[in-house]
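Student: Have a look at this one before I ask anything.
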Protein chains: 2
Amino acid sequence: MEFQTNTAIEFNRHTNLIEKANANRPHLIYHKVKPTRLVDIIADPSSALGYTAKQADLSLSNLSTYQFGKGDSVTLDLGNHEVGHFSIHINACGSPMDSPLYLHIIVGELPVEIGVNGEPYQGILSQSWLAEEFIHIDKLPTTLTLPRRYACRYIKLEVIDSSPKWKAQFSHPEFISESAADISTVAPLETGDRLLDRIDEVSLKTLHDCMQDVFEDGPKRDRRLWIGDLRLQALANYETFDNTDLVKRCLYLFGGLNTKDGWISTNIFTQNDPVPDDTFFFDYSLFFIDTLADYVEHTKDYATLNDLYPIAKLQMDQALKLVDSHDLVVLDPNRPTFVDWSMDFDRSTCAQAILIYTLRHFIKLTAESDQPVAPYNAILKRLNQSAQTYLFDDKQGFFISGPDKEINLASQIWMVLAHTLTDSENVTLMKNVQKTMFPVTGIATPYFYHHIVEALFITNFKSAGINLIKHYWGKMVQENTDTFWEAFKPEDPAFSPYGDLAINSYCHAWSCTPAYLLRKYIN
Amino acid sequence: MEFQTNTAIEFNRHTNLIEKANANRPHLIYHKVKPTRLVDIIADPSSALGYTAKQADLSLSNLSTYQFGKGDSVTLDLGNHEVGHFSIHINACGSPMDSPLYLHIIVGELPVEIGVNGEPYQGILSQSWLAEEFIHIDKLPTTLTLPRRYACRYIKLEVIDSSPKWKAQFSHPEFISESAADISTVAPLETGDRLLDRIDEVSLKTLHDCMQDVFEDGPKRDRRLWIGDLRLQALANYETFDNTDLVKRCLYLFGGLNTKDGWISTNIFTQNDPVPDDTFFFDYSLFFIDTLADYVEHTKDYATLNDLYPIAKLQMDQALKLVDSHDLVVLDPNRPTFVDWSMDFDRSTCAQAILIYTLRHFIKLTAESDQPVAPYNAILKRLNQSAQTYLFDDKQGFFISGPDKEINLASQIWMVLAHTLTDSENVTLMKNVQKTMFPVTGIATPYFYHHIVEALFITNFKSAGINLIKHYWGKMVQENTDTFWEAFKPEDPAFSPYGDLAINSYCHAWSCTPAYLLRKYIN
């Protein structure tokens with residue numbers, strides 16, 4: 001995806017909706033986390049991302065006795081991925097402190113972020129996201145409490161310089177973790193399969209760590225409310241923490257901040273007063289409808305539906321304007337269709353499928369809102385018909401996409417999820433998909449793998465779905481991760497959609513869905 | 001000088017003396033300073049230190065309209081050297097702020113510190129003194145108020161990264177300067193010689209900026225109370241700001257914190273509770289006596305003399321233990337004799353001279369304290385006699401020093417200041433010094449140049465003294481400095497006693513003495 005800059009677009013600020021969002025702000029739950037050991041981050045070619053954390057020769061219990069001078073470092077292992085604030089007590093030993101302490105702190109969700117620190121940054125996202133601090137401390141002893149929030153498991157403390165006359169001593173490292181969710185309230189899955197159980201555990205931790213003041217996409221980077229993530233987080237949340245207020249809050253934020261011509265932004269910045277981003281995806285605007293529909297189905301909260309239905313309707317009505325005389329969606333370059341981070345496939349058939357998928361949800365919401373459904377049913381029928389007529393290649397048994405009649409996996413998956421074909425045709429299609437397109441390649445996100453697995457499950461390929469979960473999320477588990485990643489290609493494990501492994505987010509909401517998929521379809 | 005580490009040495013903590021030090025803590029005076037222009041720091045081979053500040057193409061009055069993205073920078077010029085705290089307002093412009101701002105701030109007393117920033121640091125002092133900060137700002141707009149105190153004229157703001165979607169805007173830069181002295185209370189010198197007047201102005205500013213909670217050696221680096229600086233600062237202060245409480249405070253701090261066996265430390269850390277450094281110089285311990293004597297002579301504050309005479313006596317009695325059976329000082333490797341940063345000359349004759357110089361002051365204090373002076377007068381006579389007998393080479397007309405009978409400038413100067421010879425012999429000696437040792441080379445500090453000038457003045461070589469001031473301090477003035485430097489060799493202007501120009505202190509107390517010398521001996 002290219003960066004979008006649409007600074008001329010004007011946004012509404014529906015204060016009645018934003019007030020309801022604020023009324024559902026969560027009380028965060030704080031836990032004191034102590035490091036479990038000291039580690040060395042070392043290059044390890046056997047690790048997918050190139051680095052591993054190895055038990056250090058130094059021992060945590062003796063930490064306060066070690067002396068750290070120029071160039072010395074120590075890495076704390078919190079024992080799990082955590083989101084929150086770090087503090088540590090620092091003393092000076094030796095002669096009186098005749099200079100400031102200059103400290104470099106690097107935090108990493110995984111060893112790789114610490115391992116590559118210091119190499120020239122190659123990524124396309126802002127370098128400012130790299131989680132490191134350079135800190136001068138003029139007076140010791142002190143308790144250093146870092147003011148910023150970090151998402152991390154590993155914290156490296158490196159003394160750039162003390163002076164030839166004194167050294168630093170560290171003690172009482174402490175991390176105060178924070179989340180809107182309490183992980184102890186969720187019964188772990190007991191499938192009898194240890195890998196699946198671990199995948200569930202990591203999924204839960206991922207979701208937990210992304211549940212903050214809003215459902216964040218990733219607590220390391222972006223830290224915002226993205227609708228693509230929210231839709232999947234909410235589904236996993238209903239099956240686990242069931243914090244419906246937080247979903248409600250997020251729906252009201254999106255609803256309260258659409259553009260003057262109706263569209264929902266892809267994401268909202270919530271650090272200050274909420275501000276919608278000027279980035280738009282065709283599919284993400286529509287997913288407001290699905291997220292609202294899932295919420296209403298789970299909560300029966302018709303008051304919220306009543307408030308937000310007009311916003312949902314705007315999404316659908318705006319999207320339908322992109323349908324041409326053949327009842328096919330025409331891709332709008334100003335509102336790309338995201339689907340996945342991979343740029344290697346044509347999106348037009350996906351866009352048609354997503355519109356159909358969303359329209360079904362919208363018709364349900366319309367009926368529940370006692371609004372006329374007939375016009376939308378008519379459109380649904382036409383969109384479906386066109387999809388079958390123009391986009392399905394009977395001879396090949398696959399949906400095609402774009403002027404080159406490309407057959408890609410994403411089109412098949414979204415058409416299955418959209419129920420464009422009959423159930424038995426869908427089964428045949430998914431059989432063909434597995435025969436010719438598995439093992440999956442060219443897909444870069446857990447977000448899209450989620451949709452593949454769900455398509456397998458709803459066409460009753462349960463063991464294939466489980467196998468794909470084990471193959472995909474299981475491969476991340478093998479990398480000793482505590483949370484699932486924003487981007488992962490099993491066939492190219494060191495892939496970054498941003499051109500640098502240091503900037504990837506290794507706890508990313510849209511990857512938490514095994515907790516949902518396994519509970520909904522399997523358990 | 002080597003780093004000394006004497007962590008086993010125990011110190012007294014005379015609370016009655018320290019309380020009197022605290023009772024004389026100054027009220028700092030604060031001034032709001034606005035930058036005067038924007039500059040570019042550029043390499044300039046014609047500048048002694050290699051860099052110069054050139055008016056930038058950007059204009060200060062338009063600062064708030066400029067946008068700074070990845071790699072962009074701007075340098076503020078405060079118009080003069082200042083000590084204090086910096087703040088600036090920062091806004092984001094463009095799309096919503098989708099990443100933190102990562103800012104690099106470099107401050108410099110002179111252009112060189114900004115010019116060489118980023119080059120590998122080669123100095124022997126802690127790199128932690130280099131005045132730069134790396135700061136992540138998660139929310140904009142904000143007013144960034146840096147918590148640390150800086151000594152600087154130039155402040156460079158460099159955006160390491162914003163993001164492709166937004167840029168930073170700076171406005172309302174402000175520097176709150178602080179000092180215990182009010183420069184408006186001192187009448188500028190009007191000698192009729194513009195260079196001398198400017199030298200006086202720069203001397204005054206140097207002293208002013210070093211007058212903080214104590215007389216600091218340098219507000220950029222060390223920031224402590226050194227007795228070598230204090231002695232000269234106090235002399236310049238009596239002729240100008242005349243803040244006698246601050247001298248008193250510093251004398252009580254040194255007196256309150258001597259070692260269990262009596263010695264005064266070279267310096268005291270005063271950021272927290274005052275802590276004496278474990279570094280000792282033979283000459284610096286003795287200078288406690290001279291500083292006290294100068295103070296009593298100026299103030300007639302006999303109550304302070306009464307409190308501190310016992311401490312002064314300990315310095316003398318300890319030093320006299322180093323005198324051998326020939327009545328010559330034997331150098332103590334544990335208490336080197338500083339004299340100057342240059343390591344290229346033998347110190348033994350200097351040590352003898354400084355002991356004599358100090359003993360004269362001590363005898364005066366002893367008399368004023370109604371203590372018996374006869375024993376000390378006897379010792380003075382013997383020390384003087386030995387100096388003449390063993391250390392003065394009649395044939396050559398110079399003092400010799402050390403086993404190699406080295407003839408160095410420092411020995412002559414200190415022997416003149418010690419009045420070991422008669423006044424007319426001193427005149428002859430200084431004539432010979434000027435004939436054979438001028439222009440001065442191999443001396444690295446304004447501290448020692450001060451003593452050369454004073455030796456010229458007391459032997460009535462007034463125009464030679466003035467010429468030396470103009471040659472030495474005047475050469476720094478030609479480098480567009482606002483304050484005088486810790487170290488400067490006219491024959492090697494890019495000299496650093498620490499191996500790196502970035503770590504030199506360019507506002508250093510012991511260089512302020514033209515304000516004293518010109519007022520005392522010339523005006």
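FYI, nothing fancy with the structure tokens labels: chains A, B, ... in order, residues from 1 per chain, ligands from 1 as they appear.
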Do a neighbour search on Asp277 in chain A at 12 Å with only C-alpha atoms, toss out local chain neighbours closer than 3 positions, and write the hits as a PyMOL selection string.

Tutor: (chain A and resi 3-11+222+224-227+254+257-259+263-270+274+280-281) or (chain B and resi 94-99+165-166)

Student: Show which residues sit within 9 Å of Arg221 in chain A, as a ChimeraX atom specification. Count only C-alpha atoms, and ignore same-chain residues fewer than 2 positions away.

Tutor: /A:129-130,151,217-219,223-224,503-505 /B:99

Student: Show which residues sit within 7 Å of Ile443 in chain A, as a list in words. Count only C-alpha atoms, and ignore same-chain residues fewer than 6 positions away.

Tutor: Asp340, Ser342 and Lys489 of chain A

Student: Would you list the contacts of Leu235 in chain B as a list in words, taking every protein, DNA or RNA residue within 10 Å and counting only C-alpha atoms, but skipping same-chain residues closer than 4 positions in sequence?

Tutor: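 Within the cut-off, the hits are Leu230, Arg231, Glu239, Thr240, Asp242, Val247, Thr291, Asp294, Tyr295, His298, Cys512, Thr513, Ala515, Tyr516, Leu517 and Lys520 of chain B.
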
Student: Take the residues from that selection and put them in a file with N, CA, C and O atoms, as a PDB file, in the first residue's frame.

Tutor:
```
ATOM      1  N   LEU B 230      38.234  28.464  42.090  1.00  0.00           N
ATOM      2  CA  LEU B 230      37.638  29.337  43.098  1.00  0.00           C
ATOM      3  C   LEU B 230      38.579  30.479  43.472  1.00  0.00           C
ATOM      4  O   LEU B 230      38.153  31.630  43.582  1.00  0.00           O
ATOM      5  N   ARG B 231      39.844  30.139  43.670  1.00  0.00           N
ATOM      6  CA  ARG B 231      40.805  31.162  44.085  1.00  0.00           C
ATOM      7  C   ARG B 231      40.819  32.331  43.101  1.00  0.00           C
ATOM      8  O   ARG B 231      40.774  33.490  43.506  1.00  0.00           O
ATOM      9  N   GLU B 239      36.619  42.286  42.462  1.00  0.00           N
ATOM     10  CA  GLU B 239      36.784  43.492  41.636  1.00  0.00           C
ATOM     11  C   GLU B 239      35.525  43.825  40.825  1.00  0.00           C
ATOM     12  O   GLU B 239      35.476  44.899  40.211  1.00  0.00           O
ATOM     13  N   THR B 240      34.540  42.919  40.827  1.00  0.00           N
ATOM     14  CA  THR B 240      33.412  43.111  39.902  1.00  0.00           C
ATOM     15  C   THR B 240      32.076  42.921  40.636  1.00  0.00           C
ATOM     16  O   THR B 240      31.551  43.858  41.217  1.00  0.00           O
ATOM     17  N   ASP B 242      31.382  41.294  43.333  1.00  0.00           N
ATOM     18  CA  ASP B 242      31.604  41.387  44.780  1.00  0.00           C
ATOM     19  C   ASP B 242      30.549  40.624  45.591  1.00  0.00           C
ATOM     20  O   ASP B 242      30.009  41.121  46.578  1.00  0.00           O
ATOM     21  N   VAL B 247      31.587  33.333  47.945  1.00  0.00           N
ATOM     22  CA  VAL B 247      32.947  32.881  48.279  1.00  0.00           C
ATOM     23  C   VAL B 247      32.937  32.189  49.646  1.00  0.00           C
ATOM     24  O   VAL B 247      33.493  31.104  49.817  1.00  0.00           O
ATOM     25  N   THR B 291      42.958  31.356  49.279  1.00  0.00           N
ATOM     26  CA  THR B 291      41.591  31.817  49.011  1.00  0.00           C
ATOM     27  C   THR B 291      40.988  32.408  50.284  1.00  0.00           C
ATOM     28  O   THR B 291      40.304  33.444  50.246  1.00  0.00           O
ATOM     29  N   ASP B 294      42.720  35.829  50.906  1.00  0.00           N
ATOM     30  CA  ASP B 294      42.164  36.869  50.034  1.00  0.00           C
ATOM     31  C   ASP B 294      40.783  37.303  50.535  1.00  0.00           C
ATOM     32  O   ASP B 294      40.446  38.491  50.537  1.00  0.00           O
ATOM     33  N   TYR B 295      39.989  36.323  50.950  1.00  0.00           N
ATOM     34  CA  TYR B 295      38.624  36.603  51.432  1.00  0.00           C
ATOM     35  C   TYR B 295      38.675  37.481  52.683  1.00  0.00           C
ATOM     36  O   TYR B 295      37.959  38.483  52.792  1.00  0.00           O
ATOM     37  N   HIS B 298      39.751  40.972  51.954  1.00  0.00           N
ATOM     38  CA  HIS B 298      38.711  41.771  51.285  1.00  0.00           C
ATOM     39  C   HIS B 298      37.537  42.086  52.210  1.00  0.00           C
ATOM     40  O   HIS B 298      36.950  43.165  52.139  1.00  0.00           O
ATOM     41  N   CYS B 512      38.771  33.800  33.642  1.00  0.00           N
ATOM     42  CA  CYS B 512      38.048  35.076  33.763  1.00  0.00           C
ATOM     43  C   CYS B 512      38.930  36.197  34.305  1.00  0.00           C
ATOM     44  O   CYS B 512      38.457  37.313  34.504  1.00  0.00           O
ATOM     45  N   THR B 513      40.207  35.927  34.589  1.00  0.00           N
ATOM     46  CA  THR B 513      40.973  36.867  35.404  1.00  0.00           C
ATOM     47  C   THR B 513      41.403  38.160  34.727  1.00  0.00           C
ATOM     48  O   THR B 513      41.791  39.079  35.444  1.00  0.00           O
ATOM     49  N   ALA B 515      39.484  40.368  33.948  1.00  0.00           N
ATOM     50  CA  ALA B 515      38.621  41.329  34.654  1.00  0.00           C
ATOM     51  C   ALA B 515      39.261  41.761  35.971  1.00  0.00           C
ATOM     52  O   ALA B 515      39.074  42.895  36.427  1.00  0.00           O
ATOM     53  N   TYR B 516      40.009  40.852  36.584  1.00  0.00           N
ATOM     54  CA  TYR B 516      40.740  41.164  37.819  1.00  0.00           C
ATOM     55  C   TYR B 516      42.054  41.873  37.507  1.00  0.00           C
ATOM     56  O   TYR B 516      42.343  42.947  38.055  1.00  0.00           O
ATOM     57  N   LEU B 517      42.827  41.319  36.617  1.00  0.00           N
ATOM     58  CA  LEU B 517      44.165  41.845  36.342  1.00  0.00           C
ATOM     59  C   LEU B 517      44.106  43.291  35.832  1.00  0.00           C
ATOM     60  O   LEU B 517      44.875  44.150  36.264  1.00  0.00           O
ATOM     61  N   LYS B 520      42.854  45.586  38.690  1.00  0.00           N
ATOM     62  CA  LYS B 520      43.765  45.718  39.829  1.00  0.00           C
ATOM     63  C   LYS B 520      45.060  46.432  39.447  1.00  0.00           C
ATOM     64  O   LYS B 520      45.542  47.281  40.190  1.00  0.00           O
TER      65      LYS B 520
END
```

Student: Suppose you want the space between CA of Val275 in chain A and CA of Phe215 in chain A; what is it in Å?

Tutor: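 CA of Val275 in chain A sits 15.2 Å away from CA of Phe215 in chain A.
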
Student: Name the residues of range 250-403 of chain B that come out as strand (DSSP E or B) in a backbone DSSP run; write them as a list in words.

Tutor: Thr259, Asn267, Ile268, Phe269, Val275, Pro276, Val323, Val329, Phe392, Asp393, Phe398, Phe399 and Ser401 of chain B

Student: Mind giving me the straight-line distance from CA of Tyr154 in chain A to CA of Asn480 in chain A in Å, one decimal?

Tutor: 12.9 Å

Student: I'd like the contact shell of Leu429 in chain B - 10 Å cut-off, only C-alpha atoms, skipping same-chain residues fewer than 6 positions apart - returned as a PyMOL selection string.

Tutor: chain B and resi 397-399+412-413+415-416+421+423+435+459

Student: With distances taken over only C-alpha atoms, which residue among A:Asp332, A:Glu454, A:Asp72, A:Glu425 lies nearest Ser162 in chain A?

Tutor: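 Selected residue with least distance to Ser162 in chain A: A:Asp72.
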
Student: I want to know what sits within 10 Å of Ser59 in chain A, based on only C-alpha atoms, with residues of the same chain fewer than 3 positions away left out; could you give that as a PyMOL selection string?

Tutor: chain A and resi 36-39+55-56+62-64+66

Student: Do you have the CA of Ser285 in chain B-CA of Gln315 in chain B distance handy?

Tutor: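 Straight-line distance from CA of Ser285 in chain B to CA of Gln315 in chain B works out to 6.2 Å.
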
Student: Enumerate as a PyMOL selection string all residues of range 163-342 of chain B assigned to helix (DSSP H, G or I) by DSSP on the backbone, naming them with the chain letters and numbers the document uses.

Tutor: chain B and resi 183-185+194-210+227-239+244-256+282-299+302-320
